[in-house]
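So the structure is just underneath, and the comments pick up after that.
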Amino acid sequence: MKNMKYSEILSKNSELLEKLIDNSTPYKVGVLSNIMVHQSKDICEYSLRKEGIAAEVCLGDYDNILQGSYDLKEMNAVVIFWELCNLIDGLQFKIDNLNVEQFNDLVEKTKNEISITLSNLKDIPIVLVNKFSVLVFEQFNLQTTKFKELSNILNHYIESTCASNVICIDIDAIISKVSIDSAIDLRHYHSSKTLYSIKFYKEYFESIKPNFLSLNGKAKKAIIFDCDNTLWKGILGEDGSEGIKIFEEVQTLALALSKKGVVLGLCSKNNPDDVDDVLNNHKDMVLRNDDIVIKKVNWDDKVTNLKNIAKELNIGLDSLVFIDDSEFEVGFVRENLPMVEVFQVPKKEYNYSMMFRELTSLFYNPIHTKEDYNKLELYKTQIQRERLKGQTSSLEGYLESLGLCIKIYIDDVEEIPRTAQLTQKTNQFNLTTKRYSNNDIENFIRDSNKSVITMRVSDKFGDNGIVGLAIVDYNQKIANIDSLLMSCRVIGRNVEYKFMDAIVGVLSGKEIEIIQSSYIKTLKNKQVSNLYDKFGFDMDFKTDEKHLYQVELSKYNSKNINYIEVEYEK
Amino acid sequence: MKNKIKKVMAGVFKIDTKSIDDHTGIGNVEKWDSLGHMNLVAALEEEFDIVLDDEDIEIIVTYSNICKIVESNI
């Protein structure tokens with residue numbers, strides 16, 4: 001987007017809207033500000049629409065942040081531009097003439113406005129607030145000025161009091177990236193209170209985009225490397241193990257990503273034994289065999305290999321990032337698998353690390369849970385299971401050999417972040433695909449008319465962590481399953497049947513007579529379109545987009561799967 | 001250059017390039033209000049890598065004037 005002209009963004013943005021409007025629910029972003037930011041609308045929308053998010057930006061009125069915060073309760077996200085210079089008109093030059101009392105009044109008034117605004121927005125899944133900045137008007141001073149002091153006080157106040165749905169954006173870093181002179185256009189500041197340039201808005205919305213991607217289940221999950229001239233400089237088959245030079249910085253950054261739960265893989269045309277030898281024995285390698293979850297080192301074409309990688313990891317191709325040095329391979333993959341994010345190693349070696357640092361934002365995940373740290377092990381055991389599947393002939397026999405155990409938790413406060421994360425990240429095995437924030441889940445747990453039921457799955461290869469979730473609403477004797485989802489790690493093991501048995505078990509303890517449920521179609525959840533039919537629920541209503549079901553609790557038939565053990569917590 | 005100007009106007013005001021002629025101006029384009037005018041200035045400056053001064057900004061209220069002012073600034 002940074003290389004696109006503003007007028008081009010404006011026309012492409014309208015085109016994308018027409019494409020997206022039919023098959024996606026709008027993702028509403030409210031923008032509140034005390035300056036004019038109308039040019040942010042199309043740029044923000046375009047940055048998200050091109051990622052398949054049907055963004056609709058709703059601009060608040062000029063200098064109406066607090067008032068506007070009352071009207072934005074329906075938004076999926078809110079961005080706030082709160083500029084120091086317009087707390088009072090001309091504050092940047094008037095501030096030195098304020099006496100102590102006036103200064104303190106201004107601090108208290110602004111703190112109060114911040115507090116009311118953020119409290120009004122407490123149920124919005126994510127609120128991005130720019131930190132107060134003096135950079136536009138004061139770039140360097142030997143002493144701390146009053147203006148700087150004010151910005152420090154207010155930033156400290158926001159950071160120390162804000163709730164978990166608020167993210168403070170370091171706007172100075174974004175201004176620096178485009179340079180102060182290019183970020184600011186003061187020509188119209190006095191007449192119409194615009195401050196930022198088009199160039200700034202492009203950089204700004206690209207920088208904050210990872211927050212939206214992650215909440216929309218669009219963060220990347222795996223990074224797949226070619227080997228020669230990608231993990232190391234040189235060609236292993238020609239230069240030999242001694243002749244290659246390890247890209248230490250990129251490998252170290254990749255290792256750090258894998259510790260946060262990003263899957264690392266190889267897709268390289270090489271002799272597998274040679275590559276294994278480097279992974280095991282090369283003295284300079286940072287990445288070792290254990291860090292690489294999946295390897296396709298062979299002479300097949302890379303499109304086939306990447307497809308197999310996605311299949312074996314059980315993730316979508318659009319969750320993959322692929323890096324290769326060859327123009328041919330990069331072009332071939334881009335052409336055939338446009339959903340894979342492909343990067344070419346820059347010709348100048350010193351640009352490679354910087355490119356890699358930038359692409360790490362694609363994996364941005366605001367919440368880290370225990371499951372993320374264990375993910376590497378989880379994916380490895382997933383591959384072991386796939387292999388065992390090949391050895392045992394019947395699926396039932398295989399499942400019996402796994403030693404499966406599920407543990408059910410009801411309204412478990414400790415797992416709120418993981419529970420919210422499951423709603424945000426699960427796409428395939430997700431019946432209604434409703435995304436919820438930590439706040440939402442906490443409210444559901446407190447609500448006596450709702451139950452949040454989570455499931456932990458383990459087998460003899462290891463513990464998969466919390467991987468299943470059902471959110472149920474009660475209305476007298478009727479229970480409605482608002483959300484039912486399972487992480488794709490545990491698909492294909494029939495645990496969903498045991499989970500449904502457990503949900504019904506919970507409901508029968510609450511004197512429920514009827515269970516209602518629904519399936520809402522998305523681009524990714526086709527595999528569960530008939531799940532409730534399989535559970536034996538009666539279909540009440542069916543369109544292409546939505547199915548509604550109902551079953552009398554007394555008539556629910558368990559599949560009586562005896563090879564999965566069930567435990568209840570609490 | 002004229003085609004580029006039409007493209008910019010089409011993008012900013014969400015109109016068809018074919019509908020733009022010498023008479024197209026602030027009075028007969030729906031989205032050409034004060035905010036639209038600021039978007040137009042930003043888009044033209046970026047497209048042609050020029051900086052328009054206040055007088056230019058006041059004058060460029062028709063397609064024909066835009067062509068004249070852009071040409072004199074390049």
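We name chains A, B, ... following the order of the structure tokens; residues begin at 1 in each chain, and ligands are numbered from 1 as shown.
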Per-residue nearest contacts chain A to chain B, cut-off 12 Å, using only C-alpha atoms, as a Markdown table:
```
| residue | atom | partner | partner_atom | distance |
| --- | --- | --- | --- | --- |
| A:Asn3 | CA | B:Glu46 | CA | 11.2 |
| A:Met4 | CA | B:Glu47 | CA | 9.9 |
| A:Lys5 | CA | B:Glu47 | CA | 6.6 |
| A:Tyr6 | CA | B:Ala43 | CA | 5.6 |
| A:Ser7 | CA | B:Gly11 | CA | 4.8 |
| A:Glu8 | CA | B:Gly11 | CA | 6.4 |
| A:Ile9 | CA | B:Gly11 | CA | 7.9 |
| A:Leu10 | CA | B:Gly11 | CA | 5.3 |
| A:Ser11 | CA | B:Gly11 | CA | 4.7 |
| A:Lys12 | CA | B:Gly11 | CA | 8.4 |
| A:Asn13 | CA | B:Gly11 | CA | 9.4 |
| A:Ser14 | CA | B:Lys14 | CA | 8.1 |
| A:Glu15 | CA | B:Lys14 | CA | 10.5 |
| A:Met36 | CA | B:Leu35 | CA | 9.6 |
| A:Val37 | CA | B:Leu35 | CA | 10.2 |
| A:His38 | CA | B:Leu35 | CA | 7.5 |
| A:Gln39 | CA | B:Asn39 | CA | 7.0 |
| A:Ser40 | CA | B:Asn39 | CA | 10.7 |
| A:Lys41 | CA | B:Asn39 | CA | 11.4 |
| A:Asp42 | CA | B:Val12 | CA | 10.2 |
| A:Ile43 | CA | B:Asn39 | CA | 11.8 |
| A:Ser182 | CA | B:Glu46 | CA | 11.5 |
| A:Asp185 | CA | B:Ala42 | CA | 10.0 |
| A:Arg187 | CA | B:Asp54 | CA | 8.6 |
| A:His188 | CA | B:Met38 | CA | 9.0 |
| A:Tyr189 | CA | B:Met38 | CA | 11.9 |
| A:Ser191 | CA | B:Asp54 | CA | 11.2 |
| A:Ser192 | CA | B:Leu35 | CA | 9.5 |
| A:Lys193 | CA | B:Met38 | CA | 11.7 |
| A:Thr194 | CA | B:Met38 | CA | 9.6 |
| A:Tyr196 | CA | B:Ala42 | CA | 10.9 |
| A:Ser197 | CA | B:Ala42 | CA | 8.0 |
| A:Ile198 | CA | B:Ala42 | CA | 7.1 |
| A:Lys199 | CA | B:Glu46 | CA | 9.0 |
```
Those same residues - N, CA and C atoms - I'd like them written as an mmCIF file, in the first residue's frame.
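Okay, out-v6.cif is ready:
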```cif
data_model
loop_
_atom_site.group_PDB
_atom_site.id
_atom_site.type_symbol
_atom_site.label_atom_id
_atom_site.label_comp_id
_atom_site.auth_asym_id
_atom_site.auth_seq_id
_atom_site.Cartn_x
_atom_site.Cartn_y
_atom_site.Cartn_z
ATOM 1 N N ASN A 3 3.407 1.997 -1.575
ATOM 2 C CA ASN A 3 3.827 2.452 -2.897
ATOM 3 C C ASN A 3 2.661 2.904 -3.763
ATOM 4 N N MET A 4 1.459 2.854 -3.214
ATOM 5 C CA MET A 4 0.301 3.241 -4.024
ATOM 6 C C MET A 4 -0.025 4.715 -3.826
ATOM 7 N N LYS A 5 -0.485 5.334 -4.907
ATOM 8 C CA LYS A 5 -0.913 6.724 -4.818
ATOM 9 C C LYS A 5 -2.278 6.794 -4.128
ATOM 10 N N TYR A 6 -2.532 7.930 -3.484
ATOM 11 C CA TYR A 6 -3.778 8.116 -2.742
ATOM 12 C C TYR A 6 -5.005 7.935 -3.641
ATOM 13 N N SER A 7 -4.937 8.517 -4.865
ATOM 14 C CA SER A 7 -6.121 8.418 -5.737
ATOM 15 C C SER A 7 -6.361 6.965 -6.145
ATOM 16 N N GLU A 8 -5.244 6.199 -6.261
ATOM 17 C CA GLU A 8 -5.363 4.782 -6.600
ATOM 18 C C GLU A 8 -6.018 4.018 -5.428
ATOM 19 N N ILE A 9 -5.604 4.365 -4.211
ATOM 20 C CA ILE A 9 -6.201 3.732 -3.030
ATOM 21 C C ILE A 9 -7.696 4.024 -2.993
ATOM 22 N N LEU A 10 -8.069 5.274 -3.298
ATOM 23 C CA LEU A 10 -9.483 5.643 -3.269
ATOM 24 C C LEU A 10 -10.294 4.806 -4.253
ATOM 25 N N SER A 11 -9.772 4.635 -5.477
ATOM 26 C CA SER A 11 -10.590 3.865 -6.426
ATOM 27 C C SER A 11 -10.570 2.375 -6.123
ATOM 28 N N LYS A 12 -9.391 1.827 -5.739
ATOM 29 C CA LYS A 12 -9.329 0.395 -5.407
ATOM 30 C C LYS A 12 -10.203 0.091 -4.196
ATOM 31 N N ASN A 13 -10.271 1.024 -3.259
ATOM 32 C CA ASN A 13 -11.056 0.808 -2.049
ATOM 33 C C ASN A 13 -12.536 0.627 -2.389
ATOM 34 N N SER A 14 -13.040 1.443 -3.325
ATOM 35 C CA SER A 14 -14.446 1.290 -3.717
ATOM 36 C C SER A 14 -14.664 -0.050 -4.421
ATOM 37 N N GLU A 15 -13.690 -0.442 -5.273
ATOM 38 C CA GLU A 15 -13.832 -1.732 -5.970
ATOM 39 C C GLU A 15 -13.880 -2.890 -4.980
ATOM 40 N N MET A 36 -8.802 17.018 12.427
ATOM 41 C CA MET A 36 -9.479 16.464 11.256
ATOM 42 C C MET A 36 -8.656 15.292 10.715
ATOM 43 N N VAL A 37 -9.274 14.130 10.589
ATOM 44 C CA VAL A 37 -8.543 12.953 10.101
ATOM 45 C C VAL A 37 -9.320 12.267 8.971
ATOM 46 N N HIS A 38 -10.108 13.059 8.194
ATOM 47 C CA HIS A 38 -10.998 12.412 7.227
ATOM 48 C C HIS A 38 -10.247 11.567 6.208
ATOM 49 N N GLN A 39 -8.951 11.916 5.963
ATOM 50 C CA GLN A 39 -8.219 11.140 4.959
ATOM 51 C C GLN A 39 -7.839 9.746 5.463
ATOM 52 N N SER A 40 -8.021 9.524 6.770
ATOM 53 C CA SER A 40 -7.706 8.197 7.303
ATOM 54 C C SER A 40 -8.738 7.154 6.861
ATOM 55 N N LYS A 41 -9.953 7.609 6.511
ATOM 56 C CA LYS A 41 -11.047 6.662 6.269
ATOM 57 C C LYS A 41 -10.726 5.645 5.168
ATOM 58 N N ASP A 42 -10.466 6.158 3.965
ATOM 59 C CA ASP A 42 -10.231 5.232 2.855
ATOM 60 C C ASP A 42 -8.938 4.438 3.048
ATOM 61 N N ILE A 43 -7.942 5.087 3.643
ATOM 62 C CA ILE A 43 -6.648 4.408 3.792
ATOM 63 C C ILE A 43 -6.780 3.259 4.793
ATOM 64 N N SER A 182 7.835 14.669 6.451
ATOM 65 C CA SER A 182 6.880 14.038 5.531
ATOM 66 C C SER A 182 5.577 13.644 6.219
ATOM 67 N N ASP A 185 1.737 17.931 7.711
ATOM 68 C CA ASP A 185 1.488 18.976 6.729
ATOM 69 C C ASP A 185 0.728 20.079 7.455
ATOM 70 N N ARG A 187 0.152 23.091 6.596
ATOM 71 C CA ARG A 187 -0.448 24.156 5.796
ATOM 72 C C ARG A 187 -1.895 24.400 6.166
ATOM 73 N N HIS A 188 -2.623 23.313 6.400
ATOM 74 C CA HIS A 188 -4.053 23.482 6.657
ATOM 75 C C HIS A 188 -4.396 23.379 8.138
ATOM 76 N N TYR A 189 -3.345 23.313 8.992
ATOM 77 C CA TYR A 189 -3.648 23.105 10.412
ATOM 78 C C TYR A 189 -4.468 24.256 10.991
ATOM 79 N N SER A 191 -6.291 26.573 9.382
ATOM 80 C CA SER A 191 -7.603 26.785 8.772
ATOM 81 C C SER A 191 -8.545 25.609 9.009
ATOM 82 N N SER A 192 -8.044 24.374 8.884
ATOM 83 C CA SER A 192 -9.006 23.263 8.984
ATOM 84 C C SER A 192 -8.567 22.155 9.927
ATOM 85 N N LYS A 193 -7.510 22.395 10.727
ATOM 86 C CA LYS A 193 -7.116 21.448 11.775
ATOM 87 C C LYS A 193 -6.782 20.045 11.250
ATOM 88 N N THR A 194 -6.234 20.001 10.032
ATOM 89 C CA THR A 194 -5.651 18.724 9.613
ATOM 90 C C THR A 194 -4.179 18.794 9.990
ATOM 91 N N TYR A 196 -1.900 15.517 9.675
ATOM 92 C CA TYR A 196 -1.049 14.474 9.101
ATOM 93 C C TYR A 196 -1.173 14.383 7.584
ATOM 94 N N SER A 197 -0.084 13.900 6.972
ATOM 95 C CA SER A 197 -0.047 13.750 5.515
ATOM 96 C C SER A 197 -0.573 12.369 5.113
ATOM 97 N N ILE A 198 -0.843 12.231 3.829
ATOM 98 C CA ILE A 198 -1.272 10.946 3.275
ATOM 99 C C ILE A 198 -0.212 9.881 3.556
ATOM 100 N N LYS A 199 1.054 10.270 3.392
ATOM 101 C CA LYS A 199 2.155 9.329 3.602
ATOM 102 C C LYS A 199 2.132 8.778 5.027
#
```
Enumerate as a PyMOL selection string all residues of stretch 150-354 of chain A assigned to strand (DSSP E) by DSSP on the backbone, naming them with the chain letters and numbers the document uses. chain A and resi 166-169+222-225+232-233+245-246+263-268+294-297+320-324+341-344
Which of stretch 465-550 of chain A counts as alpha helix (DSSP H) under DSSP, as a PDB file with N, CA and C atoms, in the first residue's frame please?
```
ATOM      1  N   VAL A 495     -13.420 -36.480  19.107  1.00  0.00           N
ATOM      2  CA  VAL A 495     -13.610 -35.871  20.431  1.00  0.00           C
ATOM      3  C   VAL A 495     -14.823 -34.944  20.436  1.00  0.00           C
ATOM      4  N   GLU A 496     -15.228 -34.450  19.242  1.00  0.00           N
ATOM      5  CA  GLU A 496     -16.388 -33.561  19.215  1.00  0.00           C
ATOM      6  C   GLU A 496     -17.654 -34.269  19.726  1.00  0.00           C
ATOM      7  N   TYR A 497     -17.754 -35.594  19.455  1.00  0.00           N
ATOM      8  CA  TYR A 497     -18.934 -36.339  19.928  1.00  0.00           C
ATOM      9  C   TYR A 497     -18.922 -36.427  21.451  1.00  0.00           C
ATOM     10  N   LYS A 498     -17.717 -36.673  21.979  1.00  0.00           N
ATOM     11  CA  LYS A 498     -17.592 -36.783  23.435  1.00  0.00           C
ATOM     12  C   LYS A 498     -17.835 -35.408  24.076  1.00  0.00           C
ATOM     13  N   PHE A 499     -17.404 -34.343  23.378  1.00  0.00           N
ATOM     14  CA  PHE A 499     -17.597 -32.978  23.881  1.00  0.00           C
ATOM     15  C   PHE A 499     -19.095 -32.676  23.925  1.00  0.00           C
ATOM     16  N   MET A 500     -19.811 -33.056  22.851  1.00  0.00           N
ATOM     17  CA  MET A 500     -21.262 -32.808  22.813  1.00  0.00           C
ATOM     18  C   MET A 500     -21.945 -33.580  23.938  1.00  0.00           C
ATOM     19  N   ASP A 501     -21.526 -34.842  24.157  1.00  0.00           N
ATOM     20  CA  ASP A 501     -22.086 -35.610  25.282  1.00  0.00           C
ATOM     21  C   ASP A 501     -21.905 -34.831  26.583  1.00  0.00           C
ATOM     22  N   ALA A 502     -20.699 -34.276  26.736  1.00  0.00           N
ATOM     23  CA  ALA A 502     -20.389 -33.563  27.977  1.00  0.00           C
ATOM     24  C   ALA A 502     -21.240 -32.297  28.098  1.00  0.00           C
ATOM     25  N   ILE A 503     -21.430 -31.579  26.964  1.00  0.00           N
ATOM     26  CA  ILE A 503     -22.266 -30.359  26.988  1.00  0.00           C
ATOM     27  C   ILE A 503     -23.688 -30.726  27.398  1.00  0.00           C
ATOM     28  N   VAL A 504     -24.212 -31.794  26.789  1.00  0.00           N
ATOM     29  CA  VAL A 504     -25.562 -32.238  27.130  1.00  0.00           C
ATOM     30  C   VAL A 504     -25.623 -32.615  28.611  1.00  0.00           C
ATOM     31  N   GLY A 505     -24.558 -33.256  29.090  1.00  0.00           N
ATOM     32  CA  GLY A 505     -24.480 -33.605  30.513  1.00  0.00           C
ATOM     33  C   GLY A 505     -24.597 -32.369  31.399  1.00  0.00           C
ATOM     34  N   VAL A 506     -23.883 -31.317  31.022  1.00  0.00           N
ATOM     35  CA  VAL A 506     -23.933 -30.070  31.796  1.00  0.00           C
ATOM     36  C   VAL A 506     -25.353 -29.506  31.774  1.00  0.00           C
ATOM     37  N   LEU A 507     -25.988 -29.532  30.583  1.00  0.00           N
ATOM     38  CA  LEU A 507     -27.325 -28.938  30.433  1.00  0.00           C
ATOM     39  C   LEU A 507     -28.377 -29.729  31.203  1.00  0.00           C
ATOM     40  N   SER A 508     -28.227 -31.048  31.252  1.00  0.00           N
ATOM     41  CA  SER A 508     -29.248 -31.833  31.943  1.00  0.00           C
ATOM     42  C   SER A 508     -29.204 -31.527  33.445  1.00  0.00           C
ATOM     43  N   LEU A 531     -22.412 -30.933  11.027  1.00  0.00           N
ATOM     44  CA  LEU A 531     -22.018 -31.473  12.337  1.00  0.00           C
ATOM     45  C   LEU A 531     -23.230 -31.774  13.219  1.00  0.00           C
ATOM     46  N   TYR A 532     -24.175 -30.810  13.269  1.00  0.00           N
ATOM     47  CA  TYR A 532     -25.326 -31.045  14.141  1.00  0.00           C
ATOM     48  C   TYR A 532     -26.209 -32.175  13.608  1.00  0.00           C
ATOM     49  N   ASP A 533     -26.207 -32.378  12.277  1.00  0.00           N
ATOM     50  CA  ASP A 533     -26.914 -33.545  11.739  1.00  0.00           C
ATOM     51  C   ASP A 533     -26.269 -34.810  12.290  1.00  0.00           C
ATOM     52  N   LYS A 534     -24.919 -34.806  12.305  1.00  0.00           N
ATOM     53  CA  LYS A 534     -24.202 -35.979  12.827  1.00  0.00           C
ATOM     54  C   LYS A 534     -24.479 -36.196  14.305  1.00  0.00           C
TER      55      LYS A 534
END
```
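With atom CA of B:Tyr63 on one side and atom CA of B:Lys6 on the other, the separation reads 8.1 Å.
For A:Asp301, the non-local neighbours within 12 Å, defined as residues at least 6 positions apart in the same chain or in other chains and counting only C-alpha atoms, are Cys267, Ser268, Lys269, Asn270, Lys307, Asn308, Phe328, Glu329, Val330, Phe332, Val333 and Asn336 of chain A.
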Counting only C-alpha atoms, what is within 12 Å of stretch 115-122 of chain A, bar same-chain residues fewer than 2 positions away, as a PyMOL selection string? chain A and resi 30+32-33+64-80+82+108-113+124-129+154+157-168+437-440+443
Determine, counting only C-alpha atoms, which protein, DNA and RNA residues have an atom within 10 Å of an atom of A:Ile491; residues of the same chain fewer than 5 positions away are not included. Present the result as a list in words.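 Once the adjacent positions are removed, what remains is Asn314, Gln428, Phe429, Val467, Met486 and Glu496 of chain A.
From atom CA of A:Lys50 back to atom CA of A:Pro338, the distance works out to 12.9 Å.
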Counting only C-alpha atoms, the residue of B:Val61, B:Leu52, B:Ile74, B:Ile69 that sits nearest B:Trp32: B:Val61
